[in-house]
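**Q** Pasting my_file.cif here (mmCIF, C-alpha atoms):
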```cif
data_start
#
loop_
_atom_site.label_atom_id
_atom_site.label_comp_id
_atom_site.auth_asym_id
_atom_site.auth_seq_id
_atom_site.Cartn_x
_atom_site.Cartn_y
_atom_site.Cartn_z
CA MET M 29 2.25 -32.96 -15.14
CA ARG M 30 2.11 -29.99 -12.80
CA PRO M 31 -0.83 -27.61 -13.32
CA THR M 32 0.04 -24.15 -14.53
CA LEU M 33 -0.62 -21.10 -12.42
CA ALA M 34 -3.52 -20.20 -14.71
CA ASP M 35 -5.10 -23.64 -14.18
CA THR M 36 -5.14 -23.29 -10.43
CA VAL M 37 -6.00 -19.71 -9.65
CA GLU M 38 -9.66 -19.84 -10.58
CA GLN M 39 -10.43 -23.04 -8.73
CA PRO M 40 -12.40 -22.53 -5.51
CA THR M 41 -10.77 -23.97 -2.44
CA ASP M 42 -12.24 -24.90 0.87
CA ILE M 43 -10.96 -21.68 2.42
CA ASN M 44 -12.30 -18.99 0.19
CA ILE M 45 -15.61 -19.69 -1.38
CA ASP M 46 -16.85 -16.17 -2.03
CA ARG M 47 -19.85 -15.10 -0.03
CA VAL M 48 -21.85 -11.93 -0.55
CA LYS M 49 -23.79 -11.84 2.71
CA PHE M 50 -22.20 -11.60 6.12
CA SER M 51 -24.06 -11.05 9.37
CA LYS M 52 -23.09 -8.08 11.53
CA LYS M 53 -21.83 -10.51 14.13
CA GLU M 54 -19.53 -12.21 11.63
CA ASN M 55 -18.17 -8.86 10.45
CA LEU M 56 -17.63 -7.77 14.03
CA ILE M 57 -15.77 -10.96 14.92
CA ASN M 58 -13.59 -10.84 11.79
CA PHE M 59 -12.78 -7.17 12.20
CA GLY M 60 -12.33 -7.55 15.96
CA ALA M 61 -9.83 -10.38 15.47
CA VAL M 62 -7.66 -8.12 13.30
CA TYR M 63 -8.09 -5.20 15.67
CA GLY M 64 -7.03 -7.30 18.64
CA ALA M 65 -4.01 -8.62 16.75
CA GLN M 66 -3.08 -5.03 15.81
CA TRP M 67 -3.10 -3.95 19.47
CA ILE M 68 -1.03 -6.96 20.52
CA TYR M 69 1.49 -6.36 17.75
CA TYR M 70 1.74 -2.66 18.55
CA LEU M 71 2.07 -2.95 22.32
CA ALA M 72 4.52 -5.86 22.15
CA GLY M 73 6.46 -4.97 19.01
CA GLN M 74 6.76 -1.21 19.46
CA LYS M 75 7.35 -1.18 23.22
CA SER M 76 10.51 0.91 23.22
CA ILE M 77 9.11 3.43 20.72
CA ILE M 78 5.96 3.79 22.84
CA GLU M 79 8.09 4.38 25.94
CA ASP M 80 10.21 7.00 24.17
CA HIS M 81 7.63 8.79 22.03
CA GLY M 82 4.14 7.73 23.16
CA SER M 83 1.59 9.54 25.30
CA LEU M 84 -2.11 9.59 26.06
CA LYS M 85 -2.26 13.14 24.74
CA ASN M 86 -0.91 11.93 21.39
CA TRP M 87 -3.49 9.16 21.32
CA TYR M 88 -6.50 11.45 21.38
CA GLY M 89 -4.87 14.48 19.71
CA HIS M 90 -3.15 12.90 16.71
CA PRO M 91 -6.24 11.48 14.91
CA LEU M 92 -7.31 15.00 13.97
CA ARG M 93 -3.91 15.84 12.45
CA PRO M 94 -3.08 13.46 9.59
CA HIS M 95 0.01 14.37 7.57
CA PHE M 96 2.53 13.14 5.02
CA ASP M 97 4.91 11.04 7.06
CA LYS M 98 8.69 11.10 6.86
CA ASP M 99 9.32 7.37 7.02
CA SER M 100 11.76 5.56 4.81
CA PHE M 101 10.56 3.55 1.80
CA ASP M 102 11.20 0.20 3.47
CA PHE M 103 8.46 1.11 5.95
CA ASN M 104 6.04 2.86 3.62
CA LEU M 105 6.28 0.47 0.72
CA PHE M 106 7.39 -2.92 2.01
CA LYS M 107 6.28 -3.27 5.63
CA HIS M 108 2.93 -1.56 5.18
CA SER M 109 2.20 -3.49 1.98
CA LEU M 110 3.07 -6.74 3.74
CA THR M 111 0.75 -5.84 6.61
CA GLY M 112 -2.06 -4.98 4.19
CA ASN M 113 -1.38 -8.28 2.43
CA TYR M 114 -2.12 -10.17 5.66
CA TYR M 115 -5.29 -8.14 6.36
CA TYR M 116 -6.51 -8.96 2.85
CA LEU M 117 -5.66 -12.67 3.12
CA TRP M 118 -7.44 -12.87 6.47
CA TYR M 119 -10.67 -11.41 5.10
CA ARG M 120 -10.43 -13.61 2.00
CA SER M 121 -10.00 -16.62 4.23
CA ARG M 122 -13.28 -15.67 5.92
CA GLY M 123 -15.01 -15.86 2.52
CA HIS M 124 -15.16 -12.23 1.42
CA THR M 125 -15.09 -11.39 -2.28
CA ILE M 126 -12.00 -9.54 -3.56
CA LYS M 127 -13.76 -6.17 -3.38
CA ASN M 128 -15.19 -6.75 0.07
CA ALA M 129 -11.86 -8.06 1.35
CA PHE M 130 -10.32 -4.83 0.08
CA PHE M 131 -13.03 -2.80 1.81
CA TRP M 132 -12.37 -4.52 5.16
CA THR M 133 -8.62 -4.26 4.64
CA PHE M 134 -9.17 -0.53 4.25
CA MET M 135 -11.24 -0.46 7.45
CA SER M 136 -8.63 -2.36 9.45
CA SER M 137 -5.88 -0.12 8.13
CA LEU M 138 -7.84 3.00 9.11
CA ALA M 139 -8.51 1.55 12.56
CA PHE M 140 -4.78 1.06 13.10
CA GLU M 141 -3.82 4.48 11.76
CA PHE M 142 -6.46 6.44 13.68
CA THR M 143 -6.94 4.54 16.95
CA ILE M 144 -3.73 2.61 17.71
CA GLU M 145 -0.63 4.08 16.10
CA THR M 146 -1.67 7.57 17.18
CA ILE M 147 -0.09 6.83 20.55
CA THR M 148 3.24 7.60 18.93
CA GLU M 149 2.57 9.28 15.59
CA ARG M 150 0.08 11.18 13.49
CA PRO M 151 -1.95 9.27 10.87
CA SER M 152 -0.10 9.20 7.58
CA TYR M 153 -1.72 9.84 4.19
CA GLN M 154 0.76 7.50 2.54
CA ASP M 155 -0.08 4.67 4.95
CA ILE M 156 -3.84 5.28 4.76
CA TYR M 157 -3.68 4.71 1.00
CA GLN M 158 -0.80 2.34 0.49
CA THR M 159 -1.41 -0.21 3.24
CA PRO M 160 -4.80 -1.39 1.90
CA VAL M 161 -4.21 -0.70 -1.80
CA PHE M 162 -0.70 -2.13 -2.15
CA GLY M 163 -1.64 -4.81 0.40
CA THR M 164 -4.58 -5.93 -1.70
CA VAL M 165 -2.51 -6.07 -4.88
CA LEU M 166 0.15 -8.08 -3.05
CA GLY M 167 -2.52 -10.22 -1.36
CA ILE M 168 -4.12 -11.18 -4.66
CA GLY M 169 -0.70 -12.33 -5.86
CA SER M 170 0.03 -14.20 -2.61
CA GLU M 171 -3.31 -15.95 -2.77
CA LYS M 172 -2.81 -17.10 -6.35
CA LEU M 173 0.73 -18.23 -5.68
CA SER M 174 -0.39 -20.12 -2.57
CA LYS M 175 -3.09 -21.95 -4.53
CA TYR M 176 -0.55 -22.83 -7.18
CA PHE M 177 1.90 -24.29 -4.66
CA HIS M 178 -0.86 -26.22 -2.88
CA SER M 179 -1.91 -27.72 -6.22
CA TRP M 180 1.48 -29.45 -6.49
CA ASP M 181 0.24 -31.78 -3.79
CA THR M 182 3.73 -32.35 -2.38
CA TRP M 183 5.02 -31.60 1.12
CA TYR M 184 7.24 -28.76 -0.13
CA GLY M 185 4.46 -27.40 -2.30
CA ARG M 186 2.16 -27.24 0.72
CA ALA M 187 4.93 -25.66 2.80
CA PHE M 188 5.35 -22.90 0.21
CA GLY M 189 1.57 -22.60 0.00
CA TYR M 190 1.29 -22.01 3.74
CA LEU M 191 4.17 -19.58 3.62
CA CYS M 192 2.52 -17.47 0.90
CA ASN M 193 -0.86 -17.56 2.60
CA PRO M 194 -0.76 -18.66 6.26
CA PHE M 195 -4.54 -18.53 6.44
CA THR M 196 -4.73 -21.67 4.31
CA LEU M 197 -3.92 -23.34 7.62
CA VAL M 198 -7.37 -22.40 8.95
CA PRO M 199 -9.23 -25.43 7.52
CA ARG M 200 -6.55 -27.64 9.07
CA LEU M 201 -7.34 -26.14 12.45
CA LYS M 202 -11.00 -27.00 11.95
CA ASN M 203 -10.10 -30.58 11.02
CA ASN M 204 -8.00 -31.00 14.17
CA GLU M 205 -4.87 -31.55 12.11
CA ILE M 206 -3.01 -29.13 14.33
CA SER M 207 -2.76 -29.63 18.05
CA ALA M 208 -0.97 -27.75 20.79
CA ALA M 209 -0.33 -28.55 24.43
CA PRO M 210 1.15 -26.22 27.04
CA VAL M 211 4.44 -27.08 28.72
CA LEU M 212 4.55 -25.69 32.21
CA ASN M 213 7.11 -26.27 34.91
CA GLN M 214 9.12 -24.17 37.32
CA ARG M 215 11.77 -23.25 34.76
CA THR M 216 9.91 -23.39 31.49
CA LEU M 217 6.85 -21.87 29.94
CA GLY M 218 6.07 -23.06 26.46
CA ALA M 219 4.05 -25.26 24.19
CA THR M 220 4.44 -28.22 21.92
CA VAL M 221 2.72 -27.98 18.60
CA SER M 222 2.12 -30.82 16.18
CA PHE M 223 0.96 -30.32 12.64
CA ARG M 224 0.03 -33.08 10.20
CA TYR M 225 0.28 -32.11 6.55
CA MET W 4 -8.86 15.61 5.28
CA LYS W 5 -12.28 16.52 3.80
CA ILE W 6 -11.33 14.87 0.52
CA LEU W 7 -10.29 11.77 2.42
CA ILE W 8 -13.63 11.61 4.25
CA LEU W 9 -15.59 12.17 1.01
CA PHE W 10 -13.66 9.45 -0.75
CA PHE W 11 -14.12 7.08 2.14
CA LEU W 12 -17.88 7.70 2.02
CA PHE W 13 -17.87 6.69 -1.64
CA ILE W 14 -16.21 3.43 -0.74
CA GLU W 15 -18.61 2.72 2.07
CA ILE W 16 -21.73 3.50 0.09
CA SER W 17 -20.91 1.93 -3.22
CA HIS W 18 -18.07 -0.49 -2.93
CA ALA W 19 -20.18 -3.17 -4.60
CA LYS W 20 -20.95 -1.07 -7.68
CA GLY W 21 -18.53 1.25 -9.41
CA LEU W 22 -15.36 0.86 -7.44
CA TYR W 23 -12.26 -0.25 -9.31
CA LEU W 24 -8.54 -0.58 -8.76
CA MET W 25 -5.90 -0.33 -11.48
CA ALA W 26 -2.28 -1.23 -10.79
CA GLY W 27 0.80 -1.18 -12.94
CA GLY W 28 4.45 -0.44 -13.33
CA GLY W 29 6.71 1.22 -15.83
CA ILE W 30 9.53 3.63 -16.48
CA ASN W 31 9.94 7.37 -16.23
CA ALA W 32 12.28 10.13 -17.31
CA SER W 33 12.45 13.26 -15.18
CA THR W 34 14.12 16.62 -15.32
CA TYR W 35 15.17 18.33 -12.10
CA ASN W 36 15.00 22.09 -12.48
CA THR W 37 16.06 25.06 -10.37
CA ASN W 38 15.13 28.67 -11.12
CA GLY W 39 13.74 27.74 -14.52
CA GLU W 40 16.83 25.88 -15.72
CA ALA W 41 16.92 22.15 -16.33
CA THR W 42 19.83 21.05 -14.22
CA GLN W 43 19.67 17.26 -14.18
CA LEU W 44 18.06 14.43 -16.07
CA GLY W 45 17.14 11.21 -14.31
CA GLY W 46 15.43 7.97 -15.09
CA GLY W 47 14.01 5.04 -13.23
CA ILE W 48 11.05 2.85 -12.49
CA ASN W 49 7.57 3.70 -11.27
CA LEU W 50 4.64 1.87 -9.72
CA LYS W 51 1.15 3.29 -9.78
CA THR W 52 -2.31 2.44 -8.52
CA ASP W 53 -5.60 4.19 -9.24
CA LEU W 54 -8.46 3.56 -6.85
CA GLY W 55 -11.57 4.98 -8.46
CA TYR W 56 -15.29 5.08 -8.64
CA PHE W 57 -17.19 5.19 -11.95
CA PHE W 58 -20.26 7.43 -11.80
CA ASP W 59 -21.41 6.44 -15.30
CA ASP W 60 -19.94 4.98 -18.50
CA HIS W 61 -17.56 7.90 -18.91
CA TRP W 62 -16.64 9.70 -15.72
CA SER W 63 -14.89 8.53 -12.61
CA LEU W 64 -13.06 10.09 -9.70
CA GLU W 65 -9.73 8.56 -8.73
CA TRP W 66 -7.45 8.57 -5.75
CA SER W 67 -4.01 7.59 -7.00
CA SER W 68 -0.51 6.85 -5.87
CA SER W 69 2.44 6.92 -8.22
CA VAL W 70 5.77 5.92 -6.76
CA LYS W 71 8.93 6.79 -8.69
CA PHE W 72 12.47 5.70 -8.02
CA ASN W 73 15.08 7.65 -9.96
CA ARG W 74 18.82 7.70 -9.98
CA VAL W 75 20.35 11.12 -10.62
CA GLU W 76 24.13 11.23 -10.52
CA ARG W 77 25.00 9.78 -7.11
CA PHE W 78 21.57 10.32 -5.55
CA THR W 79 18.49 8.12 -5.33
CA PHE W 80 15.19 9.99 -5.55
CA TRP W 81 11.97 8.47 -4.24
CA ASP W 82 8.75 10.31 -5.08
CA THR W 83 5.24 9.44 -3.95
CA LEU W 84 2.63 11.30 -5.98
CA MET W 85 -0.57 11.16 -3.92
CA THR W 86 -3.26 12.65 -6.14
CA ILE W 87 -6.94 12.83 -6.90
CA GLY W 88 -8.59 13.62 -10.20
CA PRO W 89 -11.17 12.77 -12.83
CA ARG W 90 -10.89 10.10 -15.51
CA TYR W 91 -12.83 10.33 -18.76
CA GLN W 92 -13.38 7.09 -20.63
CA PHE W 93 -14.38 7.62 -24.27
CA GLY W 94 -17.58 5.79 -25.03
CA ASP W 95 -16.90 4.43 -28.48
CA ASN W 96 -13.26 3.47 -28.13
CA PRO W 97 -10.97 2.19 -25.39
CA TYR W 98 -8.99 5.39 -24.80
CA TYR W 99 -9.16 7.48 -21.67
CA LEU W 100 -7.85 10.74 -20.26
CA ARG W 101 -6.91 11.48 -16.67
CA ALA W 102 -6.12 14.69 -14.86
CA PHE W 103 -4.66 14.65 -11.38
CA PHE W 104 -3.38 16.95 -8.69
CA GLY W 105 -2.23 16.52 -5.12
CA ARG W 106 0.91 16.49 -3.04
CA ALA W 107 4.15 14.67 -3.64
CA PRO W 108 6.72 14.00 -0.95
CA THR W 109 10.11 13.57 -2.60
CA VAL W 110 12.92 11.92 -0.68
CA ILE W 111 16.58 12.22 -1.69
CA TYR W 112 18.92 9.68 -0.10
CA LEU W 113 22.29 11.11 0.85
CA ASP W 114 24.23 7.90 1.45
CA ASP W 115 26.84 8.74 -1.18
CA ALA W 116 26.68 12.50 -0.75
CA PRO W 117 29.64 14.66 0.35
CA GLU W 118 29.66 15.95 3.92
CA VAL W 119 28.73 19.47 2.84
CA ILE W 120 25.35 18.27 1.57
CA ARG W 121 24.63 16.13 4.64
CA GLN W 122 23.75 19.09 6.84
CA ASN W 123 23.53 18.25 10.56
CA ASN W 124 24.31 14.62 9.80
CA SER W 125 21.09 14.09 7.85
CA SER W 126 20.80 10.83 5.92
CA ARG W 127 18.03 11.98 3.61
CA ILE W 128 16.14 15.10 2.56
CA GLN W 129 12.37 15.18 2.18
CA LEU W 130 10.84 17.84 -0.05
CA ASN W 131 7.13 18.51 -0.21
CA GLY W 132 4.98 20.35 -2.70
CA LEU W 133 2.09 20.26 -5.10
CA VAL W 134 1.89 18.01 -8.14
CA TYR W 135 -0.24 18.37 -11.27
CA GLY W 136 -0.53 16.04 -14.23
CA LEU W 137 -2.29 14.69 -17.27
CA ALA W 138 -2.40 11.14 -18.61
CA VAL W 139 -3.72 9.37 -21.68
CA GLY W 140 -4.12 5.63 -21.96
CA GLU W 141 -5.90 2.73 -23.57
CA ASN W 142 -7.73 -0.17 -21.95
CA MET W 143 -7.48 -3.59 -23.57
CA LYS W 144 -9.04 -6.96 -22.82
CA SER W 145 -7.18 -10.25 -23.00
CA LYS W 146 -8.68 -13.53 -24.21
CA LYS W 147 -9.27 -14.46 -20.58
CA ASP W 148 -11.19 -11.23 -19.96
CA LEU W 149 -8.34 -9.61 -18.07
CA VAL W 150 -8.53 -5.84 -18.51
CA TRP W 151 -5.10 -4.33 -18.99
CA PHE W 152 -3.92 -0.90 -19.97
CA TYR W 153 -0.99 1.18 -21.07
CA GLU W 154 -0.68 4.85 -20.23
CA PHE W 155 1.53 7.88 -20.76
CA ALA W 156 1.52 10.62 -18.15
CA LEU W 157 3.15 14.00 -17.72
CA SER W 158 3.56 15.38 -14.21
CA TYR W 159 4.85 18.63 -12.75
CA GLN W 160 6.03 18.74 -9.12
CA GLU W 161 6.81 21.84 -7.08
CA LEU W 162 9.12 21.31 -4.14
CA ASP W 163 8.51 24.13 -1.69
CA ASP W 164 9.73 23.02 1.70
CA GLN W 165 12.70 20.92 2.70
CA THR W 166 13.36 18.77 5.74
CA GLY W 167 16.63 17.08 6.66
CA LEU W 168 16.14 13.69 8.31
CA ARG W 169 18.00 10.90 9.99
CA ASN W 170 16.67 7.81 11.71
CA ASP W 171 16.77 7.09 15.43
CA GLY W 172 16.10 3.36 15.19
CA ASP W 173 12.87 3.20 13.20
CA VAL W 174 11.84 6.75 14.08
CA PRO W 175 12.64 9.56 11.61
CA VAL W 176 14.15 12.58 13.34
CA VAL W 177 13.97 16.05 11.80
CA VAL W 178 17.40 17.70 11.92
CA TYR W 179 16.54 20.87 10.02
CA GLU W 180 13.67 22.47 8.12
CA ARG W 181 13.66 25.28 5.59
CA ILE W 182 11.57 26.80 2.79
CA ASN W 183 13.00 26.43 -0.71
CA ASP W 184 13.24 29.70 -2.59
CA GLU W 185 15.04 28.34 -5.66
CA HIS W 186 11.79 27.29 -7.41
CA PHE W 187 12.91 23.68 -7.45
CA HIS W 188 10.59 21.53 -9.56
CA ILE W 189 10.46 18.18 -11.33
CA VAL W 190 8.90 17.40 -14.71
CA SER W 191 8.35 13.71 -15.44
CA LEU W 192 7.21 11.64 -18.37
CA LEU W 193 5.89 8.26 -17.25
CA ALA W 194 5.03 5.19 -19.30
CA THR W 195 3.05 2.54 -17.43
CA ILE W 196 1.52 -0.82 -18.21
CA GLY W 197 -0.82 -2.59 -15.81
CA VAL W 198 -4.05 -4.42 -15.12
CA ARG W 199 -7.43 -3.82 -13.59
CA VAL W 200 -7.23 -5.60 -10.22
CA PHE W 201 -10.99 -5.39 -9.64
#
```
What is this file in structure tokens?

**A**
Amino acid sequence: MRPTLADTVEQPTDINIDRVKFSKKENLINFGAVYGAQWIYYLAGQKSIIEDHGSLKNWYGHPLRPHFDKDSFDFNLFKHSLTGNYYYLWYRSRGHTIKNAFFWTFMSSLAFEFTIETITERPSYQDIYQTPVFGTVLGIGSEKLSKYFHSWDTWYGRAFGYLCNPFTLVPRLKNNEISAAPVLNQRTLGATVSFRY
Amino acid sequence: MKILILFFLFIEISHAKGLYLMAGGGINASTYNTNGEATQLGGGINLKTDLGYFFDDHWSLEWSSSVKFNRVERFTFWDTLMTIGPRYQFGDNPYYLRAFFGRAPTVIYLDDAPEVIRQNNSSRIQLNGLVYGLAVGENMKSKKDLVWFYEFALSYQELDDQTGLRNDGDVPVVVYERINDEHFHIVSLLATIGVRVF
């Protein structure tokens, strides 16, 4: 018989055994990984907006002028919540408690709002609040749902589990269950990835 | 900005002690008034979160977001009530009171609106103004120690300035701005049920 959601959510897994103490180096690495990913996403994903609306003057002038943004609800509610969800799941996967994962989600969200996105826009009060808060609420749900799907112990259950919380793949990386090799020739640049699950 | 910094300091200093997050959803009924007359009645759903810090057994300070979606005639209204305020938890029973004030951007989507309303080809209007409110609720505990609550709130929104918007790709473009002088305001009654997230 399949376990219920309530049976599975409280069980510790190998990816998030709550820890209270983290060294400064660990915090720096965890936060830095998110910060690096934020820069990559922004520079690659928002290239045309940066070209049209970005400037160095914005970058250092905008952080002092937060405002209520004029974005549509699909941005403010869905995309920012989804982003916050991934911040939260990342910090949980590193072993942070729920509260500490929220705290670091807040930090990462502030870092994006005040030091990256300012190239093109002023920090937004809605985003400052909603990205970490809604993201954490969504992240707690994603984490529980992922654990539930993993507990099915079937290939499709694991697939859904990884989809809900991609950071459950991290232990697999440690166990060498995922491998990647570059494919390089004159016409092609790519990689082959194999994943045993 | 100062409030934001103060609140952030609370989080940094004490996030292991009295910090909490409540989240829930519910329904609301709102009246849309101009120059003192109730002109429209709307209803819809709302989502709210309260991020707070308890100073003692009774008092806390909260930073809250309440998102309302209402349908009024052919228009969709989307409000975001960003507020701060105190919460008082009664010591000998599970009831609490909240007061809140802040700002509330209100967006009206004009997809189904006649051309005369869609000035300068705007696709939505954003109105900004102050919001004030009071709430009363009760905290309960489930058999599995989950804290949940129900709450009734009354809010009053003033909508002072108006901006017409359309999107250029993902970027909102302002097509006109003006100050409202019709004393446009919204009164809402909200019923919410939710849980304590942490």

**Q** Of the residues M:Leu197, M:Val62, M:Leu110, M:Val48, which is the one nearest to chain W, using all atoms listed in the file?

**A**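 The shortest atom-to-atom distance to chain W comes from M:Val48.
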
**Q** Report as a list in words the residues that result from applying the PyMOL selection byres ((chain M and resi 130-138) around 8) to the structure here.

**A**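 That expression, the PyMOL selection byres ((chain M and resi 130-138) around 8), corresponds here to Phe59, Val62, Tyr63, Gly112, Tyr115, Tyr116, Tyr119, Ile126, Lys127, Asn128, Ala129, Ala139, Phe140, Glu141, Phe142, Ile156, Thr159, Pro160, Val161 and Thr164 of chain M; Ile14, Glu15 and His18 of chain W.
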
**Q** Given the point (-16.3, -16.0, -1.1) in the file's coordinates, find the residues that have an atom at most 8 Å from it, counting all atoms listed in the file, and give them as a list in words.

**A**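 Every residue inside that radius is included here: Asn44, Ile45, Asp46, Arg47, Val48, Arg120, Arg122, Gly123, His124 and Thr125 of chain M.
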
**Q** Determine, using only C-alpha atoms, which residues of chain M have any atom at most 9 Å from an atom of chain W, and tabulate each with its shortest atom pair and distance in Å to one decimal place, rows ordered by chain and then rising number, as a Markdown table.

**A**
```
| residue | atom | partner | partner_atom | distance |
| --- | --- | --- | --- | --- |
| M:Ile77 | CA | W:Val174 | CA | 7.9 |
| M:Leu92 | CA | W:Met4 | CA | 8.8 |
| M:Arg93 | CA | W:Met4 | CA | 8.7 |
| M:Pro94 | CA | W:Met4 | CA | 7.5 |
| M:Phe96 | CA | W:Pro108 | CA | 7.3 |
| M:Asp97 | CA | W:Pro108 | CA | 8.7 |
| M:Lys98 | CA | W:Pro175 | CA | 6.4 |
| M:Asp99 | CA | W:Pro175 | CA | 6.1 |
| M:Ser100 | CA | W:Pro175 | CA | 7.9 |
| M:Phe101 | CA | W:Trp81 | CA | 7.9 |
| M:Phe103 | CA | W:Asp173 | CA | 8.7 |
| M:Ile126 | CA | W:Phe201 | CA | 7.4 |
| M:Lys127 | CA | W:Phe201 | CA | 6.9 |
| M:Asn128 | CA | W:His18 | CA | 7.5 |
| M:Phe131 | CA | W:His18 | CA | 7.3 |
| M:Tyr153 | CA | W:Met85 | CA | 8.3 |
| M:Gln154 | CA | W:Met85 | CA | 7.5 |
| M:Tyr157 | CA | W:Ser68 | CA | 7.9 |
| M:Gln158 | CA | W:Ser68 | CA | 7.8 |
| M:Val161 | CA | W:Thr52 | CA | 7.7 |
| M:Phe162 | CA | W:Thr52 | CA | 8.0 |
| M:Thr164 | CA | W:Val200 | CA | 8.9 |
| M:Val165 | CA | W:Val200 | CA | 7.1 |
| M:Ile168 | CA | W:Val200 | CA | 8.5 |
```

**Q** What's the separation between CA of Val198 in chain M and CA of Glu171 in chain M, in Å to one decimal place?

**A**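 Computing the Euclidean distance for CA of Val198 in chain M and CA of Glu171 in chain M yields 14.0 Å.
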
**Q** Quick one: distance from CA of Gln92 in chain W to CA of Gly132 in chain W in Å, one decimal?

**A** 28.9 Å

**Q** Grab the CA of Thr195 in chain W to CA of Gly169 in chain M distance for me, in Å with one decimal place.

**A**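 Between CA of Thr195 in chain W and CA of Gly169 in chain M the gap works out to 19.2 Å.
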
**Q** Please evaluate the PyMOL selection byres ((chain M and resi 70) around 12) against the displayed coordinates and give the resulting residues as a PyMOL selection string.

**A** chain M and resi 63-69+71-78+82+140-141+143-148

**Q** Evaluate the PyMOL selection byres ((chain M and resi 224) around 8) and record the selected residues as a list in words, following the chain and residue labels used in the document.

**A**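 Expected selection for the PyMOL selection byres ((chain M and resi 224) around 8) here is Glu205, Ile206, Ser222, Phe223 and Tyr225 of chain M.
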
**Q** How would the residues just chosen look if you wrote them out with C-alpha atoms as an mmCIF file, in the frame of the given file?

**A**
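Written out: result-v3.cif:
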```
data_model
loop_
_atom_site.group_PDB
_atom_site.id
_atom_site.type_symbol
_atom_site.label_atom_id
_atom_site.label_comp_id
_atom_site.auth_asym_id
_atom_site.auth_seq_id
_atom_site.Cartn_x
_atom_site.Cartn_y
_atom_site.Cartn_z
ATOM 1 C CA GLU M 205 -4.870 -31.550 12.110
ATOM 2 C CA ILE M 206 -3.010 -29.130 14.330
ATOM 3 C CA SER M 222 2.120 -30.820 16.180
ATOM 4 C CA PHE M 223 0.960 -30.320 12.640
ATOM 5 C CA TYR M 225 0.280 -32.110 6.550
#
```

**Q** Tell me which residues come within 7 Å of (-1.0, -14.9, 0.8), as a VMD selection string, counting all atoms listed in the file in the file's coordinates.

**A** chain M and resid 113 to 114 117 167 170 to 171 174 192 to 194
